[in-house]
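Asks: For reference, this is structure-v6.txt, and it has compact mmCIF, C-alpha atoms and all ligand atoms.
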```
# COMPACT_ATOMS: atom_id res chain seq x y z
CA MET Z 1 1.71 49.14 19.70
CA ARG Z 2 3.36 49.56 23.11
CA ILE Z 3 5.99 46.84 22.78
CA LEU Z 4 7.76 48.12 25.89
CA LYS Z 5 4.63 47.05 27.77
CA TYR Z 6 5.27 43.41 26.81
CA ALA Z 7 9.00 43.61 27.50
CA ILE Z 8 8.19 44.71 31.06
CA LEU Z 9 5.50 42.04 31.51
CA GLY Z 10 8.00 39.47 30.19
CA LEU Z 11 10.69 40.56 32.65
CA LEU Z 12 8.24 40.30 35.55
CA ARG Z 13 7.12 36.77 34.71
CA LYS Z 14 9.72 35.22 37.01
CA GLY Z 15 9.23 37.34 40.09
CA GLU Z 16 9.18 40.80 41.55
CA LEU Z 17 11.43 43.58 40.31
CA SER Z 18 11.87 47.25 41.14
CA GLY Z 19 11.87 49.95 38.45
CA TYR Z 20 15.62 50.11 38.95
CA ASP Z 21 15.98 46.35 38.35
CA ILE Z 22 13.94 46.69 35.14
CA THR Z 23 16.07 49.61 33.99
CA ASN Z 24 19.16 47.45 34.54
CA TYR Z 25 17.76 44.64 32.38
CA PHE Z 26 17.50 47.16 29.54
CA LYS Z 27 21.14 48.08 30.10
CA GLU Z 28 22.26 44.44 29.92
CA GLU Z 29 21.19 41.40 27.91
CA LEU Z 30 17.76 42.54 26.81
CA GLY Z 31 19.06 46.01 25.90
CA GLN Z 32 21.44 44.41 23.37
CA PHE Z 33 18.52 43.83 21.04
CA TRP Z 34 15.65 45.80 22.57
CA SER Z 35 16.54 49.25 23.82
CA ALA Z 36 14.32 51.38 26.02
CA LYS Z 37 14.98 54.74 27.52
CA HIS Z 38 15.03 55.19 31.26
CA SER Z 39 12.45 57.96 30.76
CA GLN Z 40 10.00 55.54 29.09
CA ILE Z 41 10.15 52.81 31.72
CA TYR Z 42 8.67 54.60 34.73
CA PRO Z 43 5.64 56.04 32.87
CA GLU Z 44 5.01 52.56 31.42
CA LEU Z 45 5.11 51.02 34.92
CA LYS Z 46 2.56 53.59 36.06
CA LYS Z 47 0.32 52.85 33.09
CA LEU Z 48 0.56 49.07 33.56
CA THR Z 49 -0.32 49.51 37.24
CA ASP Z 50 -3.36 51.66 36.35
CA GLU Z 51 -4.43 49.02 33.83
CA GLY Z 52 -4.19 46.29 36.47
CA PHE Z 53 -1.55 44.23 34.63
CA ILE Z 54 1.03 44.73 37.38
CA GLU Z 55 0.91 45.69 41.04
CA PHE Z 56 3.47 46.77 43.57
CA ARG Z 57 4.31 46.62 47.24
CA THR Z 58 6.43 49.28 48.87
CA ALA Z 59 9.68 47.98 50.27
CA ILE Z 60 11.96 49.91 52.57
CA GLN Z 61 15.56 49.96 51.53
CA GLY Z 62 18.10 50.89 54.20
CA THR Z 63 16.56 53.19 56.78
CA ARG Z 64 14.14 55.30 54.80
CA LEU Z 65 14.45 54.84 51.05
CA GLU Z 66 11.22 53.41 49.69
CA LYS Z 67 11.02 51.45 46.48
CA LYS Z 68 8.16 49.86 44.62
CA MET Z 69 8.53 46.14 43.95
CA TYR Z 70 6.39 45.15 40.97
CA THR Z 71 4.80 41.79 40.19
CA LEU Z 72 2.51 40.52 37.45
CA THR Z 73 -1.17 40.20 38.23
CA GLU Z 74 -3.27 37.33 36.89
CA SER Z 75 -4.54 39.70 34.19
CA GLY Z 76 -0.94 40.71 33.38
CA GLU Z 77 0.01 37.06 32.93
CA GLN Z 78 -2.91 36.58 30.56
CA GLU Z 79 -1.99 39.73 28.65
CA LEU Z 80 1.62 38.52 28.24
CA HIS Z 81 0.49 35.06 27.15
CA ALA Z 82 -1.99 36.49 24.63
CA TRP Z 83 0.81 38.57 23.08
CA LEU Z 84 3.32 35.68 23.04
CA THR Z 85 0.92 33.32 21.29
CA LYS Z 86 -0.42 35.87 18.80
CA LYS Z 87 0.89 35.20 15.30
CA ASP Z 88 1.90 38.42 13.59
CA PRO Z 89 2.64 39.16 9.94
CA ILE Z 90 6.34 39.80 9.32
CA PRO Z 91 7.08 43.48 9.93
CA GLU Z 92 8.27 45.75 7.17
CA THR Z 93 12.04 45.48 6.55
CA VAL Z 94 14.07 47.14 9.28
CA LYS Z 95 15.56 50.38 7.95
CA ASP Z 96 19.32 50.14 7.47
CA GLU Z 97 20.88 53.50 6.55
CA PHE Z 98 23.95 51.78 5.16
CA MET Z 99 21.75 49.97 2.62
CA LEU Z 100 20.30 53.32 1.52
CA LYS Z 101 23.86 54.51 0.86
CA ALA Z 102 24.61 51.25 -0.96
CA TYR Z 103 21.60 51.91 -3.20
CA PHE Z 104 23.07 55.28 -4.19
CA ILE Z 105 26.63 53.99 -4.55
CA SER Z 106 26.96 55.13 -8.17
CA SER Z 107 27.25 58.71 -6.86
CA LEU Z 108 30.60 57.77 -5.30
CA THR Z 109 33.97 57.18 -6.88
CA GLN Z 110 35.27 53.63 -6.69
CA GLU Z 111 37.79 54.69 -4.06
CA GLU Z 112 35.12 56.33 -1.90
CA ALA Z 113 32.89 53.28 -2.24
CA VAL Z 114 35.68 50.91 -1.23
CA ASP Z 115 36.47 53.15 1.73
CA LEU Z 116 32.83 53.20 2.87
CA PHE Z 117 32.47 49.42 2.55
CA THR Z 118 35.80 48.76 4.26
CA ASP Z 119 34.74 50.90 7.21
CA GLN Z 120 31.45 49.02 7.44
CA LEU Z 121 33.25 45.68 7.22
CA LEU Z 122 35.58 46.53 10.12
CA LYS Z 123 32.65 47.64 12.30
CA ARG Z 124 30.57 44.60 11.44
CA GLN Z 125 33.52 42.30 12.18
CA LEU Z 126 33.85 43.95 15.59
CA LYS Z 127 30.16 43.45 16.26
CA LEU Z 128 30.42 39.83 15.14
CA SER Z 129 33.31 39.12 17.49
CA ASP Z 130 31.34 40.77 20.31
CA LEU Z 131 28.43 38.45 19.63
CA GLN Z 132 30.77 35.46 19.34
CA HIS Z 133 32.15 36.36 22.77
CA SER Z 134 28.65 36.50 24.33
CA TYR Z 135 27.75 33.24 22.62
CA ASN Z 136 30.85 31.48 23.97
CA GLU Z 137 30.14 32.79 27.45
CA LEU Z 138 26.57 31.53 27.26
CA ILE Z 139 27.60 28.07 26.06
CA GLU Z 140 30.33 27.79 28.71
CA SER Z 141 27.87 28.73 31.45
CA LEU Z 142 25.57 25.79 30.64
CA ASP Z 143 25.88 22.58 32.57
CA GLN Z 144 23.75 20.71 30.05
CA PRO Z 145 23.43 21.03 26.29
CA ILE Z 146 21.01 23.78 25.33
CA SER Z 147 17.40 22.65 24.95
CA PHE Z 148 13.90 24.09 24.98
CA SER Z 149 13.71 23.70 28.76
CA SER Z 150 16.97 25.57 29.48
CA PRO Z 151 16.34 28.88 31.29
CA ASP Z 152 18.78 30.44 28.79
CA PHE Z 153 17.01 29.15 25.69
CA GLY Z 154 15.56 32.58 24.87
CA HIS Z 155 18.97 34.21 25.15
CA TYR Z 156 20.35 31.46 22.92
CA LEU Z 157 17.69 32.20 20.31
CA VAL Z 158 18.36 35.94 20.06
CA LEU Z 159 22.13 35.43 20.10
CA THR Z 160 22.24 32.74 17.40
CA LYS Z 161 19.99 34.84 15.17
CA ALA Z 162 22.15 37.96 15.68
CA LEU Z 163 25.27 35.87 14.93
CA GLU Z 164 23.83 34.57 11.66
CA ARG Z 165 22.79 38.10 10.65
CA GLU Z 166 26.24 39.56 11.28
CA LYS Z 167 28.07 36.62 9.64
CA ASN Z 168 25.89 37.15 6.60
CA TYR Z 169 26.58 40.90 6.63
CA VAL Z 170 30.35 40.34 6.85
CA THR Z 171 30.33 37.75 4.05
CA TRP Z 172 28.30 40.05 1.83
CA LEU Z 173 30.59 43.05 2.50
CA GLU Z 174 33.67 40.92 1.72
CA ASP Z 175 32.12 39.63 -1.51
CA ILE Z 176 31.14 43.14 -2.63
CA LEU Z 177 34.57 44.55 -1.76
CA ALA Z 178 36.16 41.82 -3.90
CA VAL Z 179 33.87 42.79 -6.79
CA MET Z 180 34.59 46.52 -6.38
CA LYS Z 181 38.34 46.04 -6.18
CA ASN Z 182 38.44 43.83 -9.29
CA GLN Z 183 36.89 46.50 -11.48
CA GLN Z 184 39.32 48.83 -13.19
C1 LIG Z 201 23.41 39.30 23.93
C2 LIG Z 201 22.11 38.99 23.55
C3 LIG Z 201 21.60 39.43 22.33
C4 LIG Z 201 24.21 40.07 23.09
C5 LIG Z 201 23.69 40.50 21.87
C6 LIG Z 201 22.38 40.19 21.48
C7 LIG Z 201 26.35 41.02 22.71
C8 LIG Z 201 21.78 40.62 20.19
C9 LIG Z 201 22.28 41.61 19.44
C10 LIG Z 201 21.74 42.00 18.13
O1 LIG Z 201 20.69 41.52 17.70
O2 LIG Z 201 22.41 42.82 17.50
O3 LIG Z 201 23.91 38.86 25.12
O4 LIG Z 201 25.48 40.33 23.54
```
Take the structure in this file and express it as C-alpha cells.
Replies:
Amino acid sequence: MRILKYAILGLLRKGELSGYDITNYFKEELGQFWSAKHSQIYPELKKLTDEGFIEFRTAIQGTRLEKKMYTLTESGEQELHAWLTKKDPIPETVKDEFMLKAYFISSLTQEEAVDLFTDQLLKRQLKLSDLQHSYNELIESLDQPISFSSPDFGHYLVLTKALEREKNYVTWLEDILAVMKNQQ
C-alpha cells in the first residue's frame, strides 16, 4: 500500500502546501516517526494529481520562480477519510535488528553481551530524553490541558506512545543487564 499517499493527503487537510512545504514536514515532526525520501514525494504528488485526489495552482515566488501549491480535492478528502476510518489488522511485528542479536546472544561471551546491551541502553536513554524534551515542549506550548479537540492531539498521541515504548525498552535493558551481571 502507498502509505506516503495518505501522509500527503493528511498534511493537505488543513490547507494548501507546496512540494517544498511537504518535504519540510517530513524533515520535522512527522519525519520523527514516518520518514519519506525527498525523491519519493514529488512522484507521489504527480500521481495524486493524476488520480484527482489533489490539485494545484501555480504561484509566482519572487520575480520568476514558479511553484505549485497543492490542495485536497473533494475526492482526496473522501479518500483520506476512508483510510482513516478503515480498521486494519495489527501489522506484523516491526523488525528490530537488536532483538535478532538478542536472540543469538549465546554466541557471545558474557562480557561481549554486557557491552552490547550497555551500548544499546545508552542509545535508548538518549532517545528517551529526546522524546521527553519534545513532550515537555509540547505540553508547555498548550494554553489548555490536552484534549481531543486540541490541534496538537495527534502529536500528543504519537509522542506519548513513543515515550512509553522507549521507557519500556530502557527498563527491559536495565533488568537484563542486572541479570547478566549477576551470573558468574
Ligand atoms: C516528535 C513526534 C513524534 C518527536 C518524536 C516522535 C522527538 C516519535 C518518535 C518515535 O516514534 O520514535 O515531535 O520528537
Asks: Neighbours of region 65-79 of chain Z within 9 Å (all atoms listed in the file; same-chain residues fewer than 5 positions away dropped), as a list of chain:residue names?
Replies: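 The neighbour list is Z:Tyr6, Z:Leu9, Z:Gly10, Z:Leu12, Z:Arg13, Z:Lys14, Z:Gly15, Z:Glu16, Z:Leu17, Z:Ser18, Z:Gly19, Z:Tyr20, Z:Leu45, Z:Leu48, Z:Thr49, Z:Gly52, Z:Phe53, Z:Ile54, Z:Glu55, Z:Phe56, Z:Arg57, Z:Thr58, Z:Ala59, Z:Ile60, Z:Leu84.
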Asks: If you measure from CA of Ala162 (chain Z) to atom O2 of ligand LIG 201 (chain Z), what distance in Å do you get, rounded to one decimal?
Replies: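 So the two atoms, CA of Ala162 (chain Z) and atom O2 of ligand LIG 201 (chain Z), lie 5.2 Å apart.
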Asks: As an exercise, work out the distance from CA of Arg165 (chain Z) to CA of Glu92 (chain Z) in Å and give it to one decimal place.
Replies: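 According to the coordinates, CA of Arg165 (chain Z) and CA of Glu92 (chain Z) are separated by 16.8 Å.
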Asks: Collect all residues with atoms no farther than 12 Å from ligand LIG 201 (chain Z), counting all atoms listed in the file, and output them as an MDAnalysis selection string.
Replies: chainID Z and resid 25:35 124 126:139 152:167 169
Asks: Which is closer to Lys37 (chain Z) than all the others in Z:Met99, Z:Met1, Z:Ile22, Z:Leu173, using only C-alpha atoms?
Replies: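 Among the listed residues, the smallest separation from Lys37 (chain Z) belongs to Z:Ile22.
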Asks: Could you tell me how far CA of Ile90 (chain Z) sits from CA of Trp172 (chain Z), in Å to one decimal place?
Replies: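 These atoms are spaced 23.2 Å apart.
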Asks: Smallest atom-to-atom distance to Lys181 (chain Z): which of Z:Glu51, Z:Glu97, Z:Glu44, Z:Glu111, using all atoms listed in the file?
Replies: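 For Lys181 (chain Z), the nearest of the candidates is Z:Glu111.
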Asks: Counting all atoms listed in the file, which residue out of Z:Gln120, Z:Asp96, Z:Leu4, Z:Pro145 sits closest to Pro43 (chain Z)?
Replies: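 Smallest distance to Pro43 (chain Z) is found for Z:Leu4.
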Asks: Rank Z:Phe117, Z:Leu100, Z:Gln40, Z:Asp50 by their smallest atom-to-atom distance to Leu177 (chain Z), using all atoms listed in the file, and report the top residue only.
Replies: Z:Phe117
